[in-house]
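Participant: Just passing along the structure, written as structure tokens.
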Amino acid sequence: MAETNAAMKLAGDYLESTNTVVFLTGKAGTGKTTFLQQLRQTSKKKLAVVAPTGVAAINAGGMTIHSFFQLSFAPIIPNGSEQPDMHYSAEKRELLANLELLIIDEVSMVRPDVLDQIDLILRNVKGSAHPFGGVQLLLIGDLSQLSPIIRDEEWGILRQYYNTPYFFSSQVLQKAPYVRIELDHVYRQKEQAFVDILNEVRNQSLSKENLGLLNARYIADFKPDPADPYITLTTHNNIAQQINTEWLEALQGQEHEFMATIRGEFPKDGYPTEISLKLKVGAQVMFVKNDSSAEKLFYNGKIGTVTAVNDKVVYVQCGREDKEIAVEAVEWTNVKYQLEGEAINETNAGSFAQIPLKLAWAITIHKSQGLTFDKAIIDVSESFAHGQAYVALSRCRSLSGMVLRNPIAAHNIIGDPAVARFNDKATEIKPDSQKLERDRELYRLYLLSELFNFAPLKVKMKGFAFLLPTFQTEILNIAEKFTRQLKPERSQQAAGYFLEKLRMAVEDLHTQLPAYINQSKENAAKADQMIIWMMNRIRLLEHFAINPFDTDAYLSLSKNKLNSHDRSYLKALNALANEALYERLLEWRETKAVDEKIMPNMVLSEKTAAAIAEKLPATLKALSTIKGVGTQKAAAYGADIIGLIRTYQQELQGPGTEQASMF
């Protein structure tokens, strides 16, 4: 987007300098998706992107909510005693503990119980009573578009706890302060008359005049010219499939089949096109991915016609004057998130490779969400859900590019009174510059309370707490009391107190831990994580014991965390025996491999070299018994290896050591 409008700037400021929950909404075509993509590139916060469906997740470049949080699809009773995060791996817990911004795209389709479950999980993992454990949420969506899919029996369970099936009825948002920012500049449609019609459909207030103007686009038995790229948007999947099949079968010529390649994990509901894609020359197709090359020859939703097909390439013509596009298979990735150091990084959990096309004489309205078309045939005569008519109509760039398959009646435009009531109250949570400043101050106070939040340390001390018998009384209890009666003017004094206590605790632990850990690598790893947390908190407290609390300073210091410490218990356990000898053996094998023109592993593997360094064999017979050596290698390389061992031992023992026979 060339310019950044005022609403986008306000949203950006909120996401940069507060942790207030932001509901970013706006009519279709106002740039919500563009804002999301820009934020992913520019945000300094550790973030993750999730969405309610596989298609939405793939389009947003994130994961599904249920996959990311390992949720079941069943209704979730709020305020339950269960701990949904109990079975999370240590890596998942660490990832969520470091999360700062969670973006939920297409939030209009998210049920309220799902949002409450996310709140519970993040509070548990973060050890914080703040909504969502202090993680900021960016909720993106348009409540006038598709609503949550919820069965009658599911709503029968949930209606006891929620007024509506929408996210805004969640219990967490009844008590958590949040702001609603609406993008109001329409970039998709340029005709003011069409924009006015869409606004009235969106608000279920379509005037008689505009209904007449809309129905003027009805053309009975309309059959587009095969060269004219119209797409039919319809309410039901079977109608779309029927239309596509009929058109494909009517074409003369050979049918070509392309099979998708699926690797790893890729959700079925996120498949961007068919596993078995059947095409013919003359088939109308739609691109289902943006062209990532510098030429940008196609985009998600662009319509064209197949002009030729060979084994691996499909040729598509988009418009008479456009250049023919050679289309080869491309890959979609299924994103998962993992923590690397202190950064949350995206990883590729799986992939779906296929020609980025699908038959496009017709698609469902649900699948069209997020797409834009120049020419479309709209059929909402059988609409059955809130927002379907609005989604279908708003996919079009212009009124002149739209044809109605059946006339639209007022009852086809289905609205939800709950959404209307919510929108009526929207002015109450519309922020301005003064509200932004107040929320920035609330963020500063939240970060100050986090400086004295030792609940995560309590979790990390599980199994070690007996080593610090005064931890509960001298640190936890006093910290909880201070944060309940938070007084910023006393923060330096408090920081000095906890700094002294943590320093003493670290020294006590270093004295006691080696005996307790023994040879357990699991205990060593846990001890390291505990000490690292304490050292990072000490660094923060050292600064704020002599300086007033400041948001920028806290965030800057928090970004530069230690990932290890100089007395690492796990590193000590993992240290190789006689490491200097091991390094000499590797150097020797490299030289020998060059001399013999073979791979170094053919001389000795690293594992075998480590075993030799540990066991220090004194004779060829002892050397030959080590796994990976044997009699042949002992005969070929034994003199060199035992010579290296003896030299190493003499250096350790000093001069005058007797030479023993290698036999």
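Just remember, in the structure tokens the first chain shown is A, the second B, etc., residues are 1-based per chain, and ligands are 1-based in the order shown.
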Write out as an MDAnalysis selection string all residues of range 163-266 of chain A that DSSP puts in helix (DSSP H, G or I) for this structure's backbone.

Facilitator: chainID A and resid 167:169 171:175 192:202 208:215 237:250

Participant: Might you pull out every residue within 7 Å of range 15-21 of chain A, with only C-alpha atoms counted and same-chain residues fewer than 3 positions away left off, and present them as a VMD selection string?

Facilitator: chain A and resid 11 to 12 135 to 138 177 to 179 439 to 440 443

Participant: Atoms to include: N, CA, C and O atoms. Write the selected residues as a PDB file, in the first residue's frame.

Facilitator:
```pdb
ATOM      1  N   ALA A  11      -2.928   1.697  14.498  1.00  0.00           N
ATOM      2  CA  ALA A  11      -2.771   0.262  14.783  1.00  0.00           C
ATOM      3  C   ALA A  11      -1.299  -0.085  14.953  1.00  0.00           C
ATOM      4  O   ALA A  11      -0.917  -0.834  15.869  1.00  0.00           O
ATOM      5  N   GLY A  12      -0.458   0.453  14.079  1.00  0.00           N
ATOM      6  CA  GLY A  12       0.984   0.202  14.170  1.00  0.00           C
ATOM      7  C   GLY A  12       1.568   0.709  15.480  1.00  0.00           C
ATOM      8  O   GLY A  12       2.395   0.044  16.103  1.00  0.00           O
ATOM      9  N   VAL A 135       0.683 -11.492  26.870  1.00  0.00           N
ATOM     10  CA  VAL A 135       0.949 -11.514  25.426  1.00  0.00           C
ATOM     11  C   VAL A 135      -0.056 -10.589  24.735  1.00  0.00           C
ATOM     12  O   VAL A 135      -1.254 -10.617  25.046  1.00  0.00           O
ATOM     13  N   GLN A 136       0.419  -9.778  23.828  1.00  0.00           N
ATOM     14  CA  GLN A 136      -0.487  -8.918  23.057  1.00  0.00           C
ATOM     15  C   GLN A 136      -1.140  -9.720  21.946  1.00  0.00           C
ATOM     16  O   GLN A 136      -0.487 -10.535  21.303  1.00  0.00           O
ATOM     17  N   LEU A 137      -2.429  -9.503  21.725  1.00  0.00           N
ATOM     18  CA  LEU A 137      -3.134 -10.156  20.616  1.00  0.00           C
ATOM     19  C   LEU A 137      -3.528  -9.122  19.571  1.00  0.00           C
ATOM     20  O   LEU A 137      -4.013  -8.027  19.918  1.00  0.00           O
ATOM     21  N   LEU A 138      -3.298  -9.459  18.322  1.00  0.00           N
ATOM     22  CA  LEU A 138      -3.835  -8.699  17.199  1.00  0.00           C
ATOM     23  C   LEU A 138      -4.875  -9.589  16.533  1.00  0.00           C
ATOM     24  O   LEU A 138      -4.542 -10.640  15.977  1.00  0.00           O
ATOM     25  N   PRO A 177      -9.155  -5.197  28.700  1.00  0.00           N
ATOM     26  CA  PRO A 177      -9.340  -3.998  27.872  1.00  0.00           C
ATOM     27  C   PRO A 177      -8.801  -4.246  26.465  1.00  0.00           C
ATOM     28  O   PRO A 177      -7.736  -4.827  26.296  1.00  0.00           O
ATOM     29  N   TYR A 178      -9.563  -3.850  25.470  1.00  0.00           N
ATOM     30  CA  TYR A 178      -9.078  -3.962  24.097  1.00  0.00           C
ATOM     31  C   TYR A 178      -9.623  -2.809  23.272  1.00  0.00           C
ATOM     32  O   TYR A 178     -10.577  -2.133  23.675  1.00  0.00           O
ATOM     33  N   VAL A 179      -8.984  -2.572  22.147  1.00  0.00           N
ATOM     34  CA  VAL A 179      -9.412  -1.476  21.274  1.00  0.00           C
ATOM     35  C   VAL A 179      -9.829  -2.035  19.916  1.00  0.00           C
ATOM     36  O   VAL A 179      -9.329  -3.070  19.483  1.00  0.00           O
ATOM     37  N   ASP A 439      -2.608   3.771  27.406  1.00  0.00           N
ATOM     38  CA  ASP A 439      -2.266   2.353  27.231  1.00  0.00           C
ATOM     39  C   ASP A 439      -0.756   2.134  27.229  1.00  0.00           C
ATOM     40  O   ASP A 439      -0.276   1.074  27.652  1.00  0.00           O
ATOM     41  N   ARG A 440      -0.003   3.121  26.761  1.00  0.00           N
ATOM     42  CA  ARG A 440       1.457   3.025  26.849  1.00  0.00           C
ATOM     43  C   ARG A 440       1.904   3.007  28.311  1.00  0.00           C
ATOM     44  O   ARG A 440       2.821   2.276  28.691  1.00  0.00           O
ATOM     45  N   TYR A 443       1.218  -0.300  29.804  1.00  0.00           N
ATOM     46  CA  TYR A 443       2.241  -1.254  29.346  1.00  0.00           C
ATOM     47  C   TYR A 443       3.504  -1.117  30.187  1.00  0.00           C
ATOM     48  O   TYR A 443       4.125  -2.110  30.589  1.00  0.00           O
TER      49      TYR A 443
END
```

Participant: Which residues of range 75-131 of chain A come within 10 Å of range 446-453 of chain A, and what is each one's closest atom pair and distance in Å (one decimal), counting only C-alpha atoms, sorted by chain and residue number, as a Markdown table?

Facilitator:
```
| residue | atom | partner | partner_atom | distance |
| --- | --- | --- | --- | --- |
| A:Lys126 | CA | A:Asn453 | CA | 9.7 |
| A:Gly127 | CA | A:Asn453 | CA | 8.1 |
| A:Ser128 | CA | A:Asn453 | CA | 7.8 |
| A:His130 | CA | A:Tyr446 | CA | 8.7 |
```

Participant: Could you please take those selected residues and save N, CA, C and O atoms as a tab-separated table (two decimals), in the first residue's frame?

Facilitator:
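That gives us result-v7.tsv:
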```tsv
chain	number	residue	atom	x	y	z
A	126	LYS	N	3.01	-18.53	31.10
A	126	LYS	CA	3.73	-17.30	31.46
A	126	LYS	C	3.81	-17.10	32.97
A	126	LYS	O	4.59	-16.27	33.45
A	127	GLY	N	2.96	-17.84	33.73
A	127	GLY	CA	2.93	-17.63	35.17
A	127	GLY	C	2.47	-16.24	35.52
A	127	GLY	O	2.98	-15.60	36.44
A	128	SER	N	1.46	-15.75	34.76
A	128	SER	CA	0.99	-14.38	34.93
A	128	SER	C	-0.53	-14.36	34.99
A	128	SER	O	-1.20	-15.11	34.27
A	130	HIS	N	-2.25	-11.74	34.13
A	130	HIS	CA	-2.74	-10.81	33.11
A	130	HIS	C	-3.46	-11.59	32.01
A	130	HIS	O	-3.11	-12.74	31.73
```

Participant: Rounded to one decimal in Å, what is the spacing between CA of Tyr554 in chain A and CA of Val49 in chain A?

Facilitator: 25.0 Å

Participant: What gap, in Å, lies between CA of Ser383 in chain A and CA of Glu191 in chain A?

Facilitator: 25.4 Å

Participant: Within 12 Å of range 575-577 of chain A, counting only C-alpha atoms, which residues qualify if same-chain residues fewer than 4 places away don't, as a list of chain:residue names?

Facilitator: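 Counting only the stated atoms, we get A:Lys521, A:Ser568, A:Tyr569, A:Leu570, A:Lys571, A:Leu581, A:Tyr582, A:Glu583, A:Glu606, A:Lys607, A:Ala609, A:Ala610, A:Ala611, A:Ile612, A:Ala613, A:Glu614, A:Lys615, A:Leu616.
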
Participant: Restricting the calculation to only C-alpha atoms, which member of A:Ala28, A:Leu393, A:Val330, A:Leu143 is positioned closest to Ile197 in chain A?

Facilitator: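 Selected residue with least distance to Ile197 in chain A: A:Leu393.
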
Participant: Hey, what's within 6 Å of range 264-274 of chain A if we count only C-alpha atoms and toss same-chain stuff fewer than 4 positions away? As a list in words, please?

Facilitator: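 Here the answer would be Gly54, Val55, Asn334, Ala349, Gly350 and Lys358 of chain A.
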
Participant: For Ala362 in chain A, please output as a list in words all residues within 6 Å (counting only C-alpha atoms; exclusion window: fewer than 5 positions along the same chain).

Facilitator: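 What passes the distance filter is Ile231, Thr232, Leu233 and Ala240 of chain A.
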
Participant: For a quick check of understanding, using only C-alpha atoms, which of A:Ile104, A:Ala572, A:Ile325, A:Val380 has the smallest distance to Ile239 in chain A?

Facilitator: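 Checking each of A:Ile104, A:Ala572, A:Ile325, A:Val380 against Ile239 in chain A, counting only C-alpha atoms, the winner is A:Val380.
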
Participant: Just want the 8 Å neighbourhood of Lys280 in chain A, counted on only C-alpha atoms, with same-chain residues fewer than 5 positions away dropped. Output as a PDB file with C-alpha atoms, in the first residue's frame.

Facilitator:
```
ATOM      1  CA  LEU A 248     -14.353 -29.515 -18.267  1.00  0.00           C
ATOM      2  CA  LEU A 251     -14.181 -29.368 -23.744  1.00  0.00           C
ATOM      3  CA  GLY A 253      -9.191 -32.753 -26.370  1.00  0.00           C
ATOM      4  CA  GLN A 254      -7.028 -34.809 -24.049  1.00  0.00           C
ATOM      5  CA  GLU A 255      -7.361 -34.636 -20.271  1.00  0.00           C
ATOM      6  CA  HIS A 256      -4.075 -34.176 -18.394  1.00  0.00           C
ATOM      7  CA  VAL A 306      -5.091 -23.164 -20.424  1.00  0.00           C
ATOM      8  CA  VAL A 309      -0.008 -28.699 -21.581  1.00  0.00           C
TER       9      VAL A 309
END
```

Participant: Output as a PyMOL selection string all residues of range 130-325 of chain A that backbone DSSP marks as strand (DSSP E or B).

Facilitator: chain A and resi 136-140+178-183+218+231-234+256-259+261-264+276-279+284-287+303-309+314-317+325

Participant: Considering only C-alpha atoms, state which residue in the set A:Ile219, A:Leu158, A:Ile65, A:Leu24 is at the smallest distance from Asp184 in chain A.

Facilitator: A:Leu24

Participant: I'd like the contact shell of Pro456 in chain A - 10 Å cut-off, only C-alpha atoms, skipping same-chain residues fewer than 2 positions apart - returned as a tab-separated table (two decimals) with N, CA, C and O atoms, in the first residue's frame.

Facilitator:
```
chain	number	residue	atom	x	y	z
A	97	ALA	N	6.49	-19.22	26.26
A	97	ALA	CA	6.99	-18.33	27.32
A	97	ALA	C	7.67	-17.10	26.73
A	97	ALA	O	7.70	-16.04	27.36
A	124	ASN	N	-1.08	-19.79	32.12
A	124	ASN	CA	-0.38	-20.89	32.80
A	124	ASN	C	1.11	-20.90	32.46
A	124	ASN	O	1.98	-21.01	33.33
A	125	VAL	N	1.40	-20.81	31.16
A	125	VAL	CA	2.80	-20.91	30.71
A	125	VAL	C	3.62	-19.71	31.16
A	125	VAL	O	4.78	-19.85	31.56
A	126	LYS	N	3.01	-18.53	31.10
A	126	LYS	CA	3.73	-17.30	31.46
A	126	LYS	C	3.81	-17.10	32.97
A	126	LYS	O	4.59	-16.27	33.45
A	127	GLY	N	2.96	-17.84	33.73
A	127	GLY	CA	2.93	-17.63	35.17
A	127	GLY	C	2.47	-16.24	35.52
A	127	GLY	O	2.98	-15.60	36.44
A	128	SER	N	1.46	-15.75	34.76
A	128	SER	CA	0.99	-14.38	34.93
A	128	SER	C	-0.53	-14.36	34.99
A	128	SER	O	-1.20	-15.11	34.27
A	453	ASN	N	8.16	-10.46	38.67
A	453	ASN	CA	7.37	-11.69	38.55
A	453	ASN	C	8.33	-12.89	38.56
A	453	ASN	O	9.03	-13.14	37.59
A	454	PHE	N	8.35	-13.62	39.66
A	454	PHE	CA	9.25	-14.77	39.80
A	454	PHE	C	8.51	-16.10	39.66
A	454	PHE	O	9.09	-17.16	39.95
A	458	LYS	N	9.75	-20.17	39.75
A	458	LYS	CA	9.17	-21.22	40.61
A	458	LYS	C	8.97	-22.50	39.81
A	458	LYS	O	9.23	-23.61	40.29
A	459	VAL	N	8.51	-22.35	38.56
A	459	VAL	CA	8.31	-23.51	37.69
A	459	VAL	C	9.65	-24.17	37.37
A	459	VAL	O	9.79	-25.40	37.42
A	460	LYS	N	10.65	-23.35	37.05
A	460	LYS	CA	11.97	-23.89	36.69
A	460	LYS	C	12.67	-24.54	37.88
A	460	LYS	O	13.57	-25.37	37.71
A	461	MET	N	12.27	-24.16	39.09
A	461	MET	CA	12.91	-24.71	40.29
A	461	MET	C	12.29	-26.03	40.72
A	461	MET	O	12.72	-26.61	41.73
A	530	MET	N	17.41	-23.01	34.76
A	530	MET	CA	17.10	-22.25	35.98
A	530	MET	C	18.15	-21.17	36.22
A	530	MET	O	17.81	-20.00	36.47
A	533	TRP	N	17.90	-18.32	33.66
A	533	TRP	CA	16.79	-17.40	33.97
A	533	TRP	C	17.20	-16.44	35.07
A	533	TRP	O	16.97	-15.23	34.98
```

Participant: Could you check which of A:Arg180, A:Arg646, A:Lys526, A:Lys27 is closest to Tyr390 in chain A, using only C-alpha atoms?

Facilitator: A:Lys27

Participant: Hey, can you check how far CA of Leu513 in chain A sits from CA of Lys501 in chain A?

Facilitator: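 The value is 17.7 Å.
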
Participant: Could you make a table, as a tab-separated table, of the residues of range 108-148 of chain A that have an atom within 12 Å of an atom of range 398-414 of chain A, each with its nearest atom pair and distance in Å to one decimal, counting only C-alpha atoms, in chain and number order?

Facilitator:
```
residue	atom	partner	partner_atom	distance
A:Ser144	CA	A:Ile414	CA	9.8
A:Gln145	CA	A:Ile414	CA	10.5
A:Leu146	CA	A:Ile414	CA	11.0
A:Ser147	CA	A:Ile414	CA	11.4
```

Participant: Counting only C-alpha atoms, figure out which residue out of A:His366, A:Lys559, A:Ile355, A:Glu507 gets nearest to Asn98 in chain A.

Facilitator: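 Going through A:His366, A:Lys559, A:Ile355, A:Glu507 one by one, the smallest distance to Asn98 in chain A is for A:Lys559.
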
Participant: Taking into account only C-alpha atoms, which residue in the set A:Leu620, A:Leu71, A:Ala524, A:Val288 is nearest to Lys302 in chain A?

Facilitator: A:Val288
